[in-house]
Amino acid sequence: MTTTVSTAVQAPPAPAASEPGQPFARRLWRGRPEDPRWARPALLGLLLATAVLYLYNLSASGYANSFYSAAVQAGSQSWKAFFFGSLDAGNAITVDKPPAALWPMALSVRIFGLSSWAILVPEVLMGVGTVAVVHAAVRRRFSPAAGLIAGAILALTPVAALMFRFNNPDAMLALLMALACYFVIRGLEDGRTGWLLWAGAAIGFAFLAKTLQAFLILPALALVYGVCAPVTVKKRIGQLAAGLGAIVVSGGWWVAIVELWPASSRPYIGGSQNNSFLELTFGYNGLGRLNGNETGSVGGRGGNGGGNWGETGWDRLFGAGIGGQVSWLIPAALILLVAGLVATRKAKRTSVTRGSFLVWGGALLITMVVFSYMQGIFHEYYTVALAPYVAPLIGMGSALLWEKRDKAWASLTLAAAMTATAAWGYVLLNRSSDYLPWLKWLVLVGGLGAALGLVFAGRLGRQLARGIVGLGLVAALAGPTAYTLTTVNEGHTGSIVTAGPSVAGGRGGGPGGGGGFPGGGGGMPGQQGQQGQQGGGMGQPPTGGNGGNGGNDGFGGGVPGRQGQQNGNGGTQARPDGGMDGGMGGGMGGLLNGAAVSDEAKELLETDAGDYTWVAAAIGAQNAASYQLSTGEPVMAIGGFNGTDPSPTLAQFKEYVAEGRIHYFIASGTGGRTGGSGSGTSAQITAWVEANFQEVTVGSSTFYDLTQEASG
């Protein structure tokens, strides 16, 4: 992996953008006085191109993950739901995360109204912001070209293109983690305490987006600053303590309010078994992700023997289901990380160049290790957290070695990084044998040709050297760019989505983003597959039906990695892979996605909706979300996301019904009564409703009118 001829690597801290008194537009266009004339226009072009790429075909994903979209819709109607992250404006239960990632989307919907664009554009802006942060971090110590390469690599990472167009919390997490690294590097430059406070605030707020995952890189950042900062040991310790205080304040204020708020007057904390956010943080949504002991979850059981979330091990991130999401340039990043540390081994303790490698490299390594061995819930899209760390290492490492290309070890290392990139790109593309079959040969041959040229980079003329650099960039980015273009050209809905095309042995792209769990096309036993919705018009909600139900073995009943096809009428039809498409979500409340809501069902729920706190109640958040987003009225999600949270209890539900606060109960399954089984709260409520209230059938959907007792 290479870069163009650059200015001095060890650049001084940035001066003012331009001469004072200049018009703002001119200062914005010109940038720093010492920059080449093309630098600022190229940056603005990169950010504009990223925005256009991520905005393209955005509405194809409709409401994306309806679980979070329902909470966004609720937060746009109720400030209480906004604060707590409630799934409905009636504030029955929250999402199973803190609410910070929902806030920008909820404000957007409150301003612009409920639509696909209002929900997803804030995520796109976070993606553009992350590219800008990575560029700024690399540009400060290296060349403008290095910053541009780092930003482009991030923008063209397939999983980044997926998640910066999706409404899961990972977009905000990636932005805040990149900001934290940037602030620490700024602190390494001048030793000012303020940078540590800003870094702590970013990490603390990231905690309010995705809890303990925000703390993964904290040890690496603290260690690098504690060793390399240009201040005394005593001051370093004090600054780190101040940064820790910033984390506690920025992340703890919300936690303190929630824990002190009387439980009787706030929504139930979704994902917990005892209505406690602290239990959620350190249990199902925290340490349980590491050891697989996730009470209230669908289960981890990773380990070397495999499980619902795939086998763990050092090669997990390079496997069939995950490799194409983010790993294209990881081998080169690791090579360049080592090379950067070797090149700066004789530098002073306070070298910001070496500190930059340590910050981004430490964040990458610790996140890779955790992702590789965690035994709890793990989805492919989690790997977007790696993208902001990989891109800077490529930009910095290639710039540093290019400056030293007249030395044999530097040119050979560049050639090795390029060779690894070409070979690994070929392997990844070869996993999709029918996907642009010519591209893998372009990547392999072009990459190896560029690597050969890099061996002699120190002896080449300026024009030939630039040609080699251009060939290397094309070969390195061709694969991820193709995957990214495939990703943005398709809609993605549901709780489990993947970037790029289908690959052998893993989940693939296509509408809905793939099937359920590794090796399967449909999901957990009795659950539905990904929803094959197609986006409506510009900014309109999605239309169409669901993906298919899982087969008897719970893995789609067909070819591994295949997804259900679209079925817009809510009925059933055969899929090419041998499964069947169904209209409504099956057991466990439709874990992977919600239900297709007919016009008749919508009209039924909207009748006299203003007389009730909840127009309906449904088992599981995905099913409830479908009806809530369709009607715009609150729908209670019994049992939260999985349908397994003990909220509400049967006694509480009976009280709500007696008070006339719920109109209908929505039966799960395809017009049937499969809302729960066993002795859990959801099953108890389902059995009580079926035994005591009048059944109403609308098309293939079954409702129970909780205002009309069953005859006899």
# chains A, B, ... in the order shown; residues from 1 in each chain; ligands from 1
>>> residues_around(residues="range 597-607 of chain A", least_positions_apart="4", cutoff="7 Å", atoms="only C-alpha atoms", output="JSON list (two decimals) with C-alpha atoms, in the first residue's frame")
[["chain", "number", "residue", "atom", "x", "y", "z"],
["A", 615, "VAL", "CA", -53.41, 0.78, 20.35],
["A", 626, "SER", "CA", -43.89, -2.91, 12.51],
["A", 627, "TYR", "CA", -47.36, -1.91, 13.64],
["A", 630, "SER", "CA", -47.21, 1.72, 10.14],
["A", 631, "THR", "CA", -49.86, 3.44, 12.26],
["A", 698, "VAL", "CA", -58.07, -9.36, 9.46]]
>>> residues_around(residues="range 332-341 of chain A", least_positions_apart="4", cutoff="9 Å", atoms="only C-alpha atoms", output="JSON, numbers by chain")
{"A": [1, 328, 345, 353, 354, 357, 358, 360, 361, 365, 389, 390, 391, 392, 393, 394, 396, 397, 398, 400, 401, 410, 413, 414, 416, 417, 418, 419, 420, 421]}
>>> residues_around(residues="Leu176 in chain A", least_positions_apart="2", cutoff="12 Å", atoms="only C-alpha atoms", output="VMD selection string")
chain A and resid 100 to 101 126 to 127 129 to 131 133 to 134 169 to 174 178 to 183 198 to 210 213 to 215 217 385 388
>>> write_last_selection(atoms="N, CA, C and O atoms", output="short mmCIF file (atom, residue, chain, number, x, y, z; two decimals), in the first residue's frame")
data_model
loop_
_atom_site.label_atom_id
_atom_site.label_comp_id
_atom_site.auth_asym_id
_atom_site.auth_seq_id
_atom_site.Cartn_x
_atom_site.Cartn_y
_atom_site.Cartn_z
N ALA A 100 -28.30 7.38 23.46
CA ALA A 100 -27.60 8.49 22.80
C ALA A 100 -27.64 8.36 21.28
O ALA A 100 -27.79 9.36 20.57
N ALA A 101 -27.48 7.15 20.76
CA ALA A 101 -27.48 6.97 19.30
C ALA A 101 -28.84 7.27 18.69
O ALA A 101 -28.93 7.56 17.49
N MET A 126 -22.79 11.27 10.22
CA MET A 126 -21.78 10.70 11.12
C MET A 126 -20.67 10.04 10.32
O MET A 126 -19.49 10.11 10.70
N GLY A 127 -21.02 9.38 9.23
CA GLY A 127 -20.01 8.76 8.38
C GLY A 127 -19.09 9.80 7.77
O GLY A 127 -17.86 9.64 7.77
N GLY A 129 -18.51 12.74 8.94
CA GLY A 129 -17.73 13.29 10.04
C GLY A 129 -16.58 12.39 10.43
O GLY A 129 -15.48 12.87 10.74
N THR A 130 -16.79 11.08 10.43
CA THR A 130 -15.71 10.15 10.77
C THR A 130 -14.59 10.20 9.75
O THR A 130 -13.41 10.17 10.10
N VAL A 131 -14.95 10.29 8.46
CA VAL A 131 -13.94 10.44 7.42
C VAL A 131 -13.14 11.72 7.64
O VAL A 131 -11.91 11.73 7.51
N VAL A 133 -12.61 13.30 10.49
CA VAL A 133 -11.76 13.17 11.68
C VAL A 133 -10.51 12.36 11.36
O VAL A 133 -9.39 12.73 11.76
N VAL A 134 -10.67 11.25 10.66
CA VAL A 134 -9.52 10.41 10.30
C VAL A 134 -8.56 11.19 9.40
O VAL A 134 -7.34 11.15 9.59
N PRO A 169 -26.56 1.61 16.60
CA PRO A 169 -25.70 2.55 17.34
C PRO A 169 -24.26 2.59 16.85
O PRO A 169 -23.49 3.46 17.28
N ASP A 170 -23.86 1.68 15.96
CA ASP A 170 -22.46 1.55 15.60
C ASP A 170 -21.90 2.75 14.86
O ASP A 170 -20.70 3.02 14.92
N ALA A 171 -22.74 3.50 14.14
CA ALA A 171 -22.25 4.68 13.43
C ALA A 171 -21.76 5.73 14.42
O ALA A 171 -20.66 6.28 14.28
N MET A 172 -22.55 6.02 15.43
CA MET A 172 -22.13 6.99 16.44
C MET A 172 -20.92 6.48 17.20
O MET A 172 -19.99 7.25 17.51
N LEU A 173 -20.88 5.18 17.51
CA LEU A 173 -19.74 4.62 18.22
C LEU A 173 -18.46 4.82 17.43
O LEU A 173 -17.43 5.25 17.98
N ALA A 174 -18.48 4.53 16.13
CA ALA A 174 -17.28 4.68 15.30
C ALA A 174 -16.81 6.13 15.26
O ALA A 174 -15.61 6.41 15.36
N ALA A 178 -13.20 7.44 16.90
CA ALA A 178 -12.22 8.16 16.08
C ALA A 178 -11.89 9.51 16.71
O ALA A 178 -10.72 9.93 16.74
N LEU A 179 -12.90 10.19 17.23
CA LEU A 179 -12.66 11.47 17.91
C LEU A 179 -11.78 11.29 19.14
O LEU A 179 -10.88 12.11 19.39
N ALA A 180 -12.02 10.24 19.91
CA ALA A 180 -11.21 10.00 21.11
C ALA A 180 -9.74 9.82 20.73
O ALA A 180 -8.84 10.38 21.38
N CYS A 181 -9.47 9.04 19.69
CA CYS A 181 -8.08 8.85 19.25
C CYS A 181 -7.49 10.17 18.77
O CYS A 181 -6.32 10.48 19.06
N TYR A 182 -8.25 10.95 18.03
CA TYR A 182 -7.77 12.24 17.54
C TYR A 182 -7.40 13.15 18.70
O TYR A 182 -6.34 13.80 18.68
N PHE A 183 -8.24 13.22 19.71
CA PHE A 183 -7.97 14.10 20.85
C PHE A 183 -6.72 13.65 21.62
O PHE A 183 -5.94 14.48 22.08
N TRP A 198 -11.53 16.25 26.45
CA TRP A 198 -12.34 16.00 25.27
C TRP A 198 -12.35 14.52 24.92
O TRP A 198 -13.41 13.97 24.54
N ALA A 199 -11.21 13.86 25.02
CA ALA A 199 -11.16 12.42 24.74
C ALA A 199 -12.05 11.65 25.71
O ALA A 199 -12.78 10.73 25.31
N GLY A 200 -11.98 12.01 27.00
CA GLY A 200 -12.83 11.35 27.98
C GLY A 200 -14.30 11.58 27.72
O GLY A 200 -15.12 10.66 27.86
N ALA A 201 -14.65 12.80 27.30
CA ALA A 201 -16.04 13.10 27.00
C ALA A 201 -16.53 12.27 25.81
O ALA A 201 -17.67 11.77 25.81
N ALA A 202 -15.67 12.10 24.80
CA ALA A 202 -16.06 11.29 23.64
C ALA A 202 -16.30 9.84 24.04
O ALA A 202 -17.29 9.22 23.62
N ILE A 203 -15.42 9.28 24.86
CA ILE A 203 -15.58 7.89 25.30
C ILE A 203 -16.81 7.75 26.19
O ILE A 203 -17.58 6.78 26.07
N GLY A 204 -17.02 8.70 27.08
CA GLY A 204 -18.18 8.63 27.96
C GLY A 204 -19.48 8.70 27.19
O GLY A 204 -20.44 7.96 27.47
N PHE A 205 -19.53 9.58 26.18
CA PHE A 205 -20.75 9.67 25.39
C PHE A 205 -20.92 8.43 24.53
O PHE A 205 -22.05 7.99 24.27
N ALA A 206 -19.80 7.85 24.08
CA ALA A 206 -19.88 6.59 23.34
C ALA A 206 -20.46 5.48 24.21
O ALA A 206 -21.15 4.58 23.71
N PHE A 207 -20.19 5.53 25.51
CA PHE A 207 -20.79 4.57 26.43
C PHE A 207 -22.31 4.67 26.39
O PHE A 207 -23.02 3.66 26.50
N LEU A 208 -22.82 5.89 26.23
CA LEU A 208 -24.27 6.08 26.15
C LEU A 208 -24.83 5.67 24.80
O LEU A 208 -26.04 5.72 24.58
N ALA A 209 -23.92 5.30 23.88
CA ALA A 209 -24.37 4.76 22.60
C ALA A 209 -24.37 3.24 22.60
O ALA A 209 -25.32 2.60 22.14
N LYS A 210 -23.28 2.64 23.14
CA LYS A 210 -23.18 1.17 23.08
C LYS A 210 -22.44 0.61 24.29
O LYS A 210 -21.68 -0.36 24.18
N GLN A 213 -18.60 -1.39 25.07
CA GLN A 213 -17.74 -1.43 23.89
C GLN A 213 -16.94 -0.14 23.74
O GLN A 213 -15.85 -0.14 23.17
N ALA A 214 -17.47 0.94 24.28
CA ALA A 214 -16.75 2.21 24.23
C ALA A 214 -15.45 2.17 25.01
O ALA A 214 -14.55 2.97 24.75
N PHE A 215 -15.34 1.25 25.95
CA PHE A 215 -14.15 1.19 26.81
C PHE A 215 -13.07 0.26 26.27
O PHE A 215 -12.02 0.13 26.89
N ILE A 217 -10.94 0.45 23.82
CA ILE A 217 -9.66 1.06 23.46
C ILE A 217 -9.09 1.90 24.57
O ILE A 217 -7.98 2.44 24.44
N ALA A 385 -16.31 -1.00 13.79
CA ALA A 385 -15.45 -0.36 14.80
C ALA A 385 -13.98 -0.42 14.42
O ALA A 385 -13.18 0.40 14.88
N PRO A 388 -12.17 2.76 11.43
CA PRO A 388 -11.45 4.01 11.71
C PRO A 388 -10.03 3.81 12.20
O PRO A 388 -9.28 4.79 12.30
#
>>> residues_around(residues="Ala651 in chain A", least_positions_apart="3", cutoff="12 Å", atoms="only C-alpha atoms", output="list in words")
Pro646, Ser647, Pro648, Lys654, Glu655, Tyr656, Val657, Ala658, Thr681, Ser682, Gln684, Ile685 and Trp688 of chain A
>>> write_last_selection(atoms="N, CA and C atoms", output="JSON list (two decimals), in the first residue's frame")
[["chain", "number", "residue", "atom", "x", "y", "z"],
["A", 646, "PRO", "N", -39.03, -9.86, 31.45],
["A", 646, "PRO", "CA", -40.22, -10.04, 32.30],
["A", 646, "PRO", "C", -41.03, -8.76, 32.46],
["A", 647, "SER", "N", -41.40, -8.15, 31.35],
["A", 647, "SER", "CA", -42.16, -6.90, 31.40],
["A", 647, "SER", "C", -43.10, -6.82, 30.21],
["A", 648, "PRO", "N", -44.37, -6.50, 30.47],
["A", 648, "PRO", "CA", -44.96, -6.38, 31.81],
["A", 648, "PRO", "C", -45.24, -7.77, 32.37],
["A", 654, "LYS", "N", -52.81, -7.31, 33.08],
["A", 654, "LYS", "CA", -54.23, -7.36, 33.43],
["A", 654, "LYS", "C", -54.71, -6.00, 33.92],
["A", 655, "GLU", "N", -53.86, -5.31, 34.68],
["A", 655, "GLU", "CA", -54.23, -3.99, 35.19],
["A", 655, "GLU", "C", -54.38, -2.99, 34.04],
["A", 656, "TYR", "N", -53.45, -3.02, 33.09],
["A", 656, "TYR", "CA", -53.56, -2.14, 31.93],
["A", 656, "TYR", "C", -54.86, -2.40, 31.17],
["A", 657, "VAL", "N", -55.20, -3.67, 31.00],
["A", 657, "VAL", "CA", -56.42, -4.02, 30.27],
["A", 657, "VAL", "C", -57.65, -3.55, 31.05],
["A", 658, "ALA", "N", -57.64, -3.75, 32.35],
["A", 658, "ALA", "CA", -58.78, -3.34, 33.17],
["A", 658, "ALA", "C", -58.98, -1.82, 33.13],
["A", 681, "THR", "N", -43.22, -14.81, 30.97],
["A", 681, "THR", "CA", -44.23, -13.77, 31.04],
["A", 681, "THR", "C", -45.00, -13.65, 29.73],
["A", 682, "SER", "N", -44.30, -13.66, 28.61],
["A", 682, "SER", "CA", -44.96, -13.52, 27.32],
["A", 682, "SER", "C", -45.95, -14.65, 27.08],
["A", 684, "GLN", "N", -47.45, -16.46, 29.39],
["A", 684, "GLN", "CA", -48.57, -16.32, 30.32],
["A", 684, "GLN", "C", -49.58, -15.30, 29.81],
["A", 685, "ILE", "N", -49.09, -14.18, 29.32],
["A", 685, "ILE", "CA", -49.98, -13.15, 28.79],
["A", 685, "ILE", "C", -50.73, -13.66, 27.57],
["A", 688, "TRP", "N", -53.47, -16.10, 28.61],
["A", 688, "TRP", "CA", -54.58, -15.40, 29.28],
["A", 688, "TRP", "C", -55.45, -14.66, 28.27]]
>>> atom_distance(atom1="CA of Leu386 in chain A", atom2="CA of Arg139 in chain A")
19.7 Å
>>> residues_around(residues="Arg661 in chain A", least_positions_apart="5", cutoff="10 Å", atoms="only C-alpha atoms", output="JSON, numbers by chain")
{"A": [90, 611, 612, 613, 614, 615, 616, 653, 655, 656, 706, 707]}
>>> write_last_selection(atoms="all heavy atoms", output="mmCIF file, in the first residue's frame")
data_model
loop_
_atom_site.group_PDB
_atom_site.id
_atom_site.type_symbol
_atom_site.label_atom_id
_atom_site.label_comp_id
_atom_site.auth_asym_id
_atom_site.auth_seq_id
_atom_site.Cartn_x
_atom_site.Cartn_y
_atom_site.Cartn_z
ATOM 1 N N GLY A 90 -45.846 5.464 24.804
ATOM 2 C CA GLY A 90 -46.487 5.149 26.069
ATOM 3 C C GLY A 90 -45.498 4.776 27.152
ATOM 4 O O GLY A 90 -45.871 4.600 28.313
ATOM 5 N N ASP A 611 -58.105 6.990 22.138
ATOM 6 C CA ASP A 611 -58.725 6.607 23.413
ATOM 7 C C ASP A 611 -57.842 5.681 24.241
ATOM 8 O O ASP A 611 -58.233 5.311 25.357
ATOM 9 C CB ASP A 611 -60.066 5.917 23.152
ATOM 10 C CG ASP A 611 -61.074 6.838 22.468
ATOM 11 O OD1 ASP A 611 -60.902 8.071 22.566
ATOM 12 O OD2 ASP A 611 -62.016 6.319 21.832
ATOM 13 N N TYR A 612 -56.684 5.291 23.684
ATOM 14 C CA TYR A 612 -55.870 4.286 24.367
ATOM 15 C C TYR A 612 -54.418 4.765 24.478
ATOM 16 O O TYR A 612 -53.921 5.500 23.624
ATOM 17 C CB TYR A 612 -55.898 2.960 23.595
ATOM 18 C CG TYR A 612 -57.297 2.412 23.417
ATOM 19 C CD1 TYR A 612 -58.050 2.743 22.280
ATOM 20 C CD2 TYR A 612 -57.867 1.593 24.380
ATOM 21 C CE1 TYR A 612 -59.329 2.261 22.114
ATOM 22 C CE2 TYR A 612 -59.161 1.104 24.216
ATOM 23 C CZ TYR A 612 -59.888 1.445 23.091
ATOM 24 O OH TYR A 612 -61.166 0.973 22.940
ATOM 25 N N THR A 613 -53.748 4.311 25.544
ATOM 26 C CA THR A 613 -52.314 4.577 25.664
ATOM 27 C C THR A 613 -51.552 3.793 24.616
ATOM 28 O O THR A 613 -50.616 4.306 24.002
ATOM 29 C CB THR A 613 -51.810 4.181 27.062
ATOM 30 O OG1 THR A 613 -52.568 4.875 28.056
ATOM 31 C CG2 THR A 613 -50.323 4.521 27.222
ATOM 32 N N TRP A 614 -51.944 2.536 24.420
ATOM 33 C CA TRP A 614 -51.343 1.683 23.395
ATOM 34 C C TRP A 614 -52.471 1.141 22.523
ATOM 35 O O TRP A 614 -53.431 0.551 23.029
ATOM 36 C CB TRP A 614 -50.583 0.515 24.015
ATOM 37 C CG TRP A 614 -49.432 0.933 24.878
ATOM 38 C CD1 TRP A 614 -48.176 1.290 24.475
ATOM 39 C CD2 TRP A 614 -49.435 1.025 26.308
ATOM 40 N NE1 TRP A 614 -47.389 1.608 25.554
ATOM 41 C CE2 TRP A 614 -48.134 1.455 26.699
ATOM 42 C CE3 TRP A 614 -50.376 0.804 27.313
ATOM 43 C CZ2 TRP A 614 -47.774 1.656 28.036
ATOM 44 C CZ3 TRP A 614 -50.037 1.004 28.638
ATOM 45 C CH2 TRP A 614 -48.745 1.422 28.982
ATOM 46 N N VAL A 615 -52.359 1.312 21.219
ATOM 47 C CA VAL A 615 -53.409 0.784 20.348
ATOM 48 C C VAL A 615 -53.351 -0.730 20.295
ATOM 49 O O VAL A 615 -54.329 -1.384 19.929
ATOM 50 C CB VAL A 615 -53.292 1.352 18.924
ATOM 51 C CG1 VAL A 615 -53.507 2.851 18.936
ATOM 52 C CG2 VAL A 615 -51.955 1.002 18.294
ATOM 53 N N ALA A 616 -52.189 -1.291 20.650
ATOM 54 C CA ALA A 616 -52.053 -2.745 20.640
ATOM 55 C C ALA A 616 -50.846 -3.132 21.475
ATOM 56 O O ALA A 616 -50.012 -2.287 21.847
ATOM 57 C CB ALA A 616 -51.895 -3.281 19.217
ATOM 58 N N PHE A 653 -50.143 -6.470 33.130
ATOM 59 C CA PHE A 653 -50.889 -6.459 31.868
ATOM 60 C C PHE A 653 -52.390 -6.494 32.142
ATOM 61 O O PHE A 653 -53.158 -5.779 31.483
ATOM 62 C CB PHE A 653 -50.461 -7.645 31.011
ATOM 63 C CG PHE A 653 -50.997 -7.606 29.617
ATOM 64 C CD1 PHE A 653 -50.385 -6.833 28.647
ATOM 65 C CD2 PHE A 653 -52.135 -8.329 29.266
ATOM 66 C CE1 PHE A 653 -50.880 -6.779 27.341
ATOM 67 C CE2 PHE A 653 -52.637 -8.291 27.971
ATOM 68 C CZ PHE A 653 -52.006 -7.512 27.015
ATOM 69 N N GLU A 655 -53.859 -5.311 34.681
ATOM 70 C CA GLU A 655 -54.231 -3.991 35.188
ATOM 71 C C GLU A 655 -54.383 -2.988 34.041
ATOM 72 O O GLU A 655 -55.324 -2.192 34.021
ATOM 73 C CB GLU A 655 -53.167 -3.507 36.176
ATOM 74 C CG GLU A 655 -53.488 -2.168 36.831
ATOM 75 C CD GLU A 655 -52.440 -1.755 37.847
ATOM 76 O OE1 GLU A 655 -51.595 -2.610 38.216
ATOM 77 O OE2 GLU A 655 -52.463 -0.583 38.260
ATOM 78 N N TYR A 656 -53.448 -3.025 33.087
ATOM 79 C CA TYR A 656 -53.557 -2.138 31.929
ATOM 80 C C TYR A 656 -54.856 -2.395 31.168
ATOM 81 O O TYR A 656 -55.537 -1.454 30.729
ATOM 82 C CB TYR A 656 -52.376 -2.342 30.968
ATOM 83 C CG TYR A 656 -51.037 -1.895 31.501
ATOM 84 C CD1 TYR A 656 -49.879 -2.605 31.180
ATOM 85 C CD2 TYR A 656 -50.919 -0.770 32.314
ATOM 86 C CE1 TYR A 656 -48.639 -2.206 31.649
ATOM 87 C CE2 TYR A 656 -49.683 -0.358 32.788
ATOM 88 C CZ TYR A 656 -48.543 -1.087 32.455
ATOM 89 O OH TYR A 656 -47.327 -0.692 32.920
ATOM 90 N N LEU A 706 -59.173 -6.449 23.331
ATOM 91 C CA LEU A 706 -59.093 -6.498 24.795
ATOM 92 C C LEU A 706 -60.218 -5.732 25.462
ATOM 93 O O LEU A 706 -60.265 -5.663 26.703
ATOM 94 C CB LEU A 706 -57.738 -5.959 25.248
ATOM 95 C CG LEU A 706 -56.517 -6.717 24.714
ATOM 96 C CD1 LEU A 706 -55.225 -6.135 25.263
ATOM 97 C CD2 LEU A 706 -56.607 -8.204 25.049
ATOM 98 N N THR A 707 -61.103 -5.157 24.677
ATOM 99 C CA THR A 707 -62.293 -4.517 25.242
ATOM 100 C C THR A 707 -63.521 -5.415 25.120
ATOM 101 O O THR A 707 -64.599 -5.049 25.579
ATOM 102 C CB THR A 707 -62.582 -3.183 24.522
ATOM 103 O OG1 THR A 707 -62.947 -3.441 23.166
ATOM 104 C CG2 THR A 707 -61.364 -2.273 24.560
#
>>> residues_around(residues="range 482-491 of chain A", least_positions_apart="3", cutoff="6 Å", atoms="only C-alpha atoms", output="ChimeraX atom specification")
/A:60-61,158,479,499-500,511
